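Text of the file model-v4.txt, holding compact mmCIF, C-alpha atoms:
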# COMPACT_ATOMS: atom_id res chain seq x y z
CA ARG A 1 119.35 103.69 106.14
CA LYS A 2 116.01 102.93 107.82
CA GLU A 3 116.19 100.72 110.91
CA VAL A 4 113.99 98.01 109.43
CA GLU A 5 113.31 97.88 105.71
CA GLN A 6 110.88 95.69 103.85
CA ASP A 7 109.70 95.54 100.27
CA PRO A 8 106.12 96.87 100.57
CA GLY A 9 104.83 94.75 97.69
CA PRO A 10 102.12 93.97 97.01
CA PHE A 11 102.99 90.40 96.20
CA ASN A 12 100.19 88.86 94.15
CA VAL A 13 100.46 85.07 93.94
CA PRO A 14 98.14 82.19 93.04
CA GLU A 15 97.10 79.58 95.57
CA GLY A 16 99.76 76.96 96.02
CA ALA A 17 102.64 79.27 95.17
CA THR A 18 105.76 79.71 97.26
CA VAL A 19 106.56 83.29 98.18
CA ALA A 20 109.49 84.82 100.06
CA PHE A 21 109.71 88.13 101.90
CA ASN A 22 112.91 89.83 102.86
CA CYS A 23 113.77 92.31 105.57
CA THR A 24 116.99 94.13 106.40
CA TYR A 25 117.87 95.82 109.67
CA SER A 26 120.49 98.45 110.34
CA ASN A 27 121.61 97.87 113.93
CA SER A 28 124.09 95.03 114.24
CA ALA A 29 123.40 94.89 118.01
CA SER A 30 119.81 93.75 117.42
CA GLN A 31 119.02 90.54 119.26
CA SER A 32 115.36 89.70 118.82
CA PHE A 33 113.59 89.12 115.54
CA PHE A 34 109.98 88.38 114.74
CA TRP A 35 107.43 88.20 111.97
CA TYR A 36 103.99 89.56 112.78
CA ARG A 37 100.92 89.28 110.60
CA GLN A 38 98.32 92.01 110.25
CA ASP A 39 95.01 91.48 108.50
CA CYS A 40 93.25 94.43 106.93
CA ARG A 41 91.98 96.84 109.60
CA LYS A 42 92.96 94.44 112.38
CA GLU A 43 95.66 94.34 115.02
CA PRO A 44 99.09 92.75 114.44
CA LYS A 45 99.56 89.22 115.74
CA LEU A 46 102.77 87.27 116.22
CA LEU A 47 103.36 84.82 113.37
CA MET A 48 106.70 83.48 114.52
CA SER A 49 109.93 84.38 116.23
CA VAL A 50 113.12 84.10 114.19
CA TYR A 51 115.99 82.13 115.66
CA SER A 52 119.63 82.17 114.65
CA SER A 53 119.51 78.63 113.33
CA GLY A 54 116.36 79.28 111.33
CA ASN A 55 113.00 77.82 112.24
CA GLU A 56 109.94 76.35 110.62
CA ASP A 57 106.29 76.31 111.59
CA GLY A 58 104.22 74.28 109.16
CA ARG A 59 104.28 76.07 105.81
CA PHE A 60 106.28 78.99 107.20
CA THR A 61 110.08 79.13 107.40
CA ALA A 62 112.05 82.01 108.89
CA GLN A 63 115.76 82.57 108.39
CA LEU A 64 118.21 84.99 109.98
CA ASN A 65 121.54 86.07 108.52
CA ARG A 66 123.33 88.16 111.13
CA ALA A 67 126.35 88.85 108.94
CA SER A 68 124.17 90.44 106.28
CA GLN A 69 121.62 91.77 108.79
CA TYR A 70 118.87 90.12 106.84
CA ILE A 71 115.73 88.19 107.79
CA SER A 72 113.47 86.23 105.50
CA LEU A 73 110.07 84.57 105.62
CA LEU A 74 109.16 81.79 103.21
CA ILE A 75 105.55 80.70 102.77
CA ARG A 76 104.99 77.43 100.93
CA ASP A 77 101.73 76.25 99.37
CA SER A 78 100.06 79.66 99.81
CA LYS A 79 96.42 79.70 100.92
CA LEU A 80 93.80 82.39 100.36
CA SER A 81 93.86 82.90 104.13
CA ASP A 82 97.53 83.92 103.97
CA SER A 83 96.50 87.23 102.37
CA ALA A 84 97.66 89.86 104.87
CA THR A 85 100.47 92.28 105.62
CA TYR A 86 103.59 90.74 107.13
CA LEU A 87 105.58 92.90 109.52
CA CYS A 88 109.27 92.38 110.18
CA VAL A 89 110.06 93.30 113.79
CA VAL A 90 113.49 93.82 115.34
CA ASN A 91 114.81 95.27 118.55
CA ARG A 92 117.70 97.73 118.57
CA GLU A 93 119.46 96.03 121.43
CA ALA A 94 118.57 94.29 124.65
CA GLY A 95 116.15 96.23 126.80
CA THR A 96 115.01 98.61 124.09
CA ALA A 97 111.81 98.92 122.16
CA LEU A 98 110.83 96.74 119.24
CA ILE A 99 111.02 98.40 115.82
CA PHE A 100 108.34 97.45 113.33
CA GLY A 101 108.91 97.48 109.60
CA LYS A 102 106.25 99.03 107.42
CA GLY A 103 105.13 95.62 106.22
CA THR A 104 104.89 93.58 103.03
CA THR A 105 101.43 92.99 101.60
CA LEU A 106 100.56 89.55 100.24
CA SER A 107 97.49 88.81 98.17
CA VAL A 108 96.77 85.16 97.34
CA SER A 109 94.20 84.54 94.63
CA SER A 110 92.36 81.42 93.48
CA ASN B 1 90.02 85.79 128.48
CA ALA B 2 89.45 88.98 126.55
CA GLY B 3 93.19 89.66 126.06
CA VAL B 4 93.75 93.36 125.37
CA THR B 5 90.71 95.58 125.12
CA GLN B 6 90.55 99.18 123.95
CA THR B 7 87.85 101.83 124.10
CA PRO B 8 86.55 103.54 122.11
CA LYS B 9 86.82 101.76 118.75
CA PHE B 10 86.19 104.94 116.78
CA GLN B 11 86.36 108.63 117.69
CA VAL B 12 86.09 111.92 115.86
CA LEU B 13 87.47 115.00 117.57
CA LYS B 14 87.69 118.63 116.65
CA THR B 15 91.08 120.34 116.81
CA GLY B 16 91.82 121.37 120.38
CA GLN B 17 89.53 118.86 122.06
CA SER B 18 90.91 116.38 124.56
CA MET B 19 90.22 112.72 125.06
CA THR B 20 91.55 109.62 126.79
CA LEU B 21 91.99 106.26 125.11
CA GLN B 22 91.53 103.37 127.50
CA CYS B 23 93.37 100.06 127.44
CA ALA B 24 93.10 97.04 129.70
CA GLN B 25 94.65 93.57 129.67
CA ASP B 26 93.66 90.49 131.60
CA MET B 27 96.82 88.42 131.04
CA ASN B 28 98.65 89.65 134.14
CA HIS B 29 101.31 91.20 131.92
CA ASN B 30 103.88 93.55 133.40
CA SER B 31 104.56 95.70 130.33
CA MET B 32 102.17 97.77 128.27
CA TYR B 33 102.59 99.94 125.18
CA TRP B 34 100.85 102.53 123.05
CA TYR B 35 101.54 102.67 119.31
CA ARG B 36 100.17 104.67 116.44
CA GLN B 37 99.94 103.35 112.90
CA ASP B 38 99.78 105.65 109.91
CA PRO B 39 99.70 104.69 106.22
CA GLY B 40 103.22 104.22 104.92
CA MET B 41 104.76 104.77 108.37
CA GLY B 42 104.38 101.46 110.13
CA LEU B 43 103.81 101.13 113.85
CA ARG B 44 105.53 103.74 116.00
CA LEU B 45 105.84 103.57 119.76
CA ILE B 46 104.34 106.54 121.61
CA TYR B 47 104.86 105.56 125.26
CA TYR B 48 105.43 102.39 127.17
CA SER B 49 105.24 101.13 130.73
CA ALA B 50 107.83 98.48 131.48
CA SER B 51 106.17 97.70 134.81
CA GLU B 52 103.43 99.02 137.05
CA GLY B 53 104.38 102.44 138.31
CA THR B 54 106.76 103.34 135.48
CA THR B 55 106.24 105.02 132.13
CA ASP B 56 108.70 106.11 129.47
CA LYS B 57 108.65 107.95 126.17
CA GLY B 58 108.85 106.10 122.93
CA GLU B 59 109.64 107.35 119.46
CA VAL B 60 106.77 109.86 119.06
CA PRO B 61 105.58 111.08 122.51
CA ASN B 62 104.87 114.73 121.72
CA GLY B 63 101.23 115.70 122.24
CA TYR B 64 100.44 112.67 124.41
CA ASN B 65 100.45 111.70 128.06
CA VAL B 66 99.96 108.32 129.65
CA SER B 67 98.91 106.85 132.96
CA ARG B 68 99.56 103.33 134.18
CA LEU B 69 96.56 103.20 136.47
CA ASN B 70 97.31 99.72 137.80
CA LYS B 71 98.78 96.52 136.42
CA ARG B 72 95.81 95.99 134.10
CA GLU B 73 95.18 99.46 132.73
CA PHE B 74 97.23 101.91 130.66
CA SER B 75 95.57 105.02 129.28
CA LEU B 76 96.67 107.48 126.61
CA ARG B 77 95.55 111.10 126.77
CA LEU B 78 95.49 113.70 124.03
CA GLU B 79 95.30 117.07 125.79
CA SER B 80 94.71 119.21 122.70
CA ALA B 81 94.08 117.14 119.62
CA ALA B 82 95.64 118.14 116.30
CA PRO B 83 94.90 116.85 112.78
CA SER B 84 98.39 115.28 112.76
CA GLN B 85 97.15 112.93 115.48
CA THR B 86 94.63 111.35 113.12
CA SER B 87 95.73 107.73 113.20
CA VAL B 88 94.95 104.22 114.37
CA TYR B 89 96.09 103.71 117.96
CA PHE B 90 97.02 100.27 119.24
CA CYS B 91 97.61 99.26 122.81
CA ALA B 92 99.74 96.19 123.45
CA SER B 93 101.00 94.21 126.40
CA SER B 94 103.71 91.66 127.05
CA GLU B 95 104.80 89.51 129.94
CA ALA B 96 107.89 91.63 130.46
CA TRP B 97 109.93 94.38 128.87
CA ASP B 98 112.47 91.83 127.74
CA ASN B 99 112.45 91.80 123.96
CA HIS B 100 111.94 88.08 123.66
CA TYR B 101 108.35 88.23 124.80
CA GLU B 102 105.47 88.36 122.35
CA GLN B 103 103.42 91.52 122.34
CA TYR B 104 99.64 91.11 122.28
CA PHE B 105 97.70 93.91 120.64
CA GLY B 106 94.25 95.31 121.22
CA PRO B 107 91.83 95.85 118.31
CA GLY B 108 92.76 99.50 117.89
CA THR B 109 91.07 102.90 118.11
CA ARG B 110 90.50 104.78 114.87
CA LEU B 111 90.82 108.48 115.65
CA THR B 112 90.05 111.31 113.27
CA VAL B 113 90.83 114.91 114.22
CA THR B 114 89.15 117.53 112.06
Any chance you could give the structure as structure tokens?
Amino acid sequence: RKEVEQDPGPFNVPEGATVAFNCTYSNSASQSFFWYRQDCRKEPKLLMSVYSSGNEDGRFTAQLNRASQYISLLIRDSKLSDSATYLCVVNREAGTALIFGKGTTLSVSS
Amino acid sequence: NAGVTQTPKFQVLKTGQSMTLQCAQDMNHNSMYWYRQDPGMGLRLIYYSASEGTTDKGEVPNGYNVSRLNKREFSLRLESAAPSQTSVYFCASSEAWDNHYEQYFGPGTRLTVT
């Protein structure tokens, strides 16, 4: 099983749609979880950290399920500007490197 | 603040040539990283420097060397480039090696080895 797995997509949705991305991780000792966003031919940028209790930032909601080793990202009311690749990022355990998933591509159309 | 800067932005090398990719950050971060990104492979860590004066291998270090020149600068050297090293290289920095800190990435260097 890969350390961090994501559905590569692409997800093609109309403006205003709600879309959810899922990510699974293999190491139960993982402690830190993030979603990064990467625009085409650009560098990755932190979208949000993922906390155990779940967290929301505007239209974005992140959830963590430690028992199932599963992370999700929900985007509500999609905008054209949300079109990007979303990277699920996990660490193996404290003090080790971050592991990046291969990313899920989202395309929002008008 | 410029954040993380990388030079060059693009480079074409012939097999066997050497080159150094430069990275600098102006955020006073302790930790710096070099990644490569290949289609379908995601970002993979080549080397990292948890703090000034230390460097360690990441997931794919073979064929590369690094130097943490000072707190600001972290360079990546390809001694004898191979076509398998064709990739996009990203430098990143974070406040500390602790996993809870956000990593800030540079704009990348697109390297082609022919």
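Nearest residue to Gly58 of chain B among B:Leu21, B:Thr112, B:Tyr35, B:Lys71 is B:Tyr35, counting only C-alpha atoms.
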Taking only C-alpha atoms into account, what are the residues of chain A at most 8 Å from chain B, put as a list in words?
Ser32, Lys42, Glu43, Pro44, Lys45, Leu46, Asn91, Ala94, Gly95, Thr96, Ala97, Leu98, Ile99, Phe100, Gly101, Lys102 and Gly103 of chain A
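Our summary of the geometry notes that atom CA of Gln22 of chain B is positioned 20.4 Å from atom CA of Ala96 of chain B.
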If you count all atoms listed in the file, which residues fall within 12 Å of Ser53 of chain A, apart from same-chain ones fewer than 5 positions away, as a PDB file with C-alpha atoms, in the coordinates of the input?
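The result, written out as result_27.pdb:
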ATOM      1  CA  THR A  61     110.080  79.130 107.400  1.00  0.00           C
ATOM      2  CA  ALA A  62     112.050  82.010 108.890  1.00  0.00           C
ATOM      3  CA  GLN A  63     115.760  82.570 108.390  1.00  0.00           C
ATOM      4  CA  LEU A  64     118.210  84.990 109.980  1.00  0.00           C
ATOM      5  CA  ASN A  65     121.540  86.070 108.520  1.00  0.00           C
ATOM      6  CA  ARG A  66     123.330  88.160 111.130  1.00  0.00           C
ATOM      7  CA  ILE A  71     115.730  88.190 107.790  1.00  0.00           C
TER       8      ILE A  71
END
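The coordinates place atom CA of Cys88 of chain A at 24.2 Å from atom CA of Gln6 of chain B.
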Name the residues in contact with segment 11-16 of chain B at a cut-off of 10 Å, using all atoms listed in the file, excluding same-chain residues fewer than 3 positions from it; report them as a count of residues only.
19
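Nearest to Gln31 of chain A of all the residues A:Ser107, A:Tyr86, A:Pro10, A:Arg92 is A:Arg92, counting all atoms listed in the file.
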Could you name the residues that touch Asp39 of chain A at 8 Å or less, counting all atoms listed in the file, but leaving out those on the same chain fewer than 5 positions away, as a VMD selection string?
chain A and resid 44 83 to 85
Taking every listed atom of segment 69-82 of chain A and adding 3 Å to each side, what centre and edge lengths in Å (one decimal) does the axis-aligned box have, as AutoDock Vina command-line options?
--center_x 107.7 --center_y 84.0 --center_z 104.1 --size_x 33.8 --size_y 21.5 --size_z 15.4
Can you tell me, as a list in words, what residues are no more than 7 Å from His29 of chain B when counting only C-alpha atoms, ignoring any on the same chain fewer than 4 positions away?
Ser93, Ser94, Glu95 and Ala96 of chain B
For Glu5 of chain A, work out the shell of residues within 7 Å, counting only C-alpha atoms and skipping chain neighbours fewer than 4 positions away, then give it as a PyMOL selection string.
chain A and resi 23-25+101
Two-atom distance - atom CA of Phe11 of chain A, atom CA of Val90 of chain A (Å):
22.1 Å
Taking only C-alpha atoms into account, name the residue in B:Lys57, B:Ser51, B:Tyr64, B:Asn70 that is nearest to Cys23 of chain B.
B:Asn70
Would you fill the gaps in segment 51-63 of chain B so it has N, CA and C atoms, then print it as an mmCIF file, in the coordinates of the input?
data_model
loop_
_atom_site.group_PDB
_atom_site.id
_atom_site.type_symbol
_atom_site.label_atom_id
_atom_site.label_comp_id
_atom_site.auth_asym_id
_atom_site.auth_seq_id
_atom_site.Cartn_x
_atom_site.Cartn_y
_atom_site.Cartn_z
ATOM 1 N N SER B 51 106.792 98.367 133.669
ATOM 2 C CA SER B 51 106.170 97.700 134.810
ATOM 3 C C SER B 51 105.237 98.685 135.486
ATOM 4 N N GLU B 52 104.379 98.162 136.337
ATOM 5 C CA GLU B 52 103.430 99.020 137.050
ATOM 6 C C GLU B 52 104.190 100.104 137.788
ATOM 7 N N GLY B 53 103.738 101.342 137.615
ATOM 8 C CA GLY B 53 104.380 102.440 138.310
ATOM 9 C C GLY B 53 105.432 103.171 137.513
ATOM 10 N N THR B 54 105.755 102.663 136.316
ATOM 11 C CA THR B 54 106.760 103.340 135.480
ATOM 12 C C THR B 54 106.190 103.596 134.095
ATOM 13 N N THR B 55 106.572 104.734 133.524
ATOM 14 C CA THR B 55 106.240 105.020 132.130
ATOM 15 C C THR B 55 107.436 105.710 131.482
ATOM 16 N N ASP B 56 107.593 105.492 130.192
ATOM 17 C CA ASP B 56 108.700 106.110 129.470
ATOM 18 C C ASP B 56 108.275 106.485 128.069
ATOM 19 N N LYS B 57 108.961 107.488 127.529
ATOM 20 C CA LYS B 57 108.650 107.950 126.170
ATOM 21 C C LYS B 57 109.175 106.974 125.144
ATOM 22 N N GLY B 58 108.409 106.870 124.068
ATOM 23 C CA GLY B 58 108.850 106.100 122.930
ATOM 24 C C GLY B 58 109.371 107.011 121.837
ATOM 25 N N GLU B 59 109.100 106.632 120.615
ATOM 26 C CA GLU B 59 109.640 107.350 119.460
ATOM 27 C C GLU B 59 108.897 108.664 119.191
ATOM 28 N N VAL B 60 107.576 108.692 119.423
ATOM 29 C CA VAL B 60 106.770 109.860 119.060
ATOM 30 C C VAL B 60 105.859 110.304 120.207
ATOM 31 N N PRO B 61 106.402 110.770 121.332
ATOM 32 C CA PRO B 61 105.580 111.080 122.510
ATOM 33 C C PRO B 61 104.913 112.457 122.510
ATOM 34 N N ASN B 62 105.362 113.352 121.630
ATOM 35 C CA ASN B 62 104.870 114.730 121.720
ATOM 36 C C ASN B 62 103.365 114.812 121.472
ATOM 37 N N GLY B 63 102.669 115.522 122.370
ATOM 38 C CA GLY B 63 101.230 115.700 122.240
ATOM 39 C C GLY B 63 100.427 114.663 123.006
#
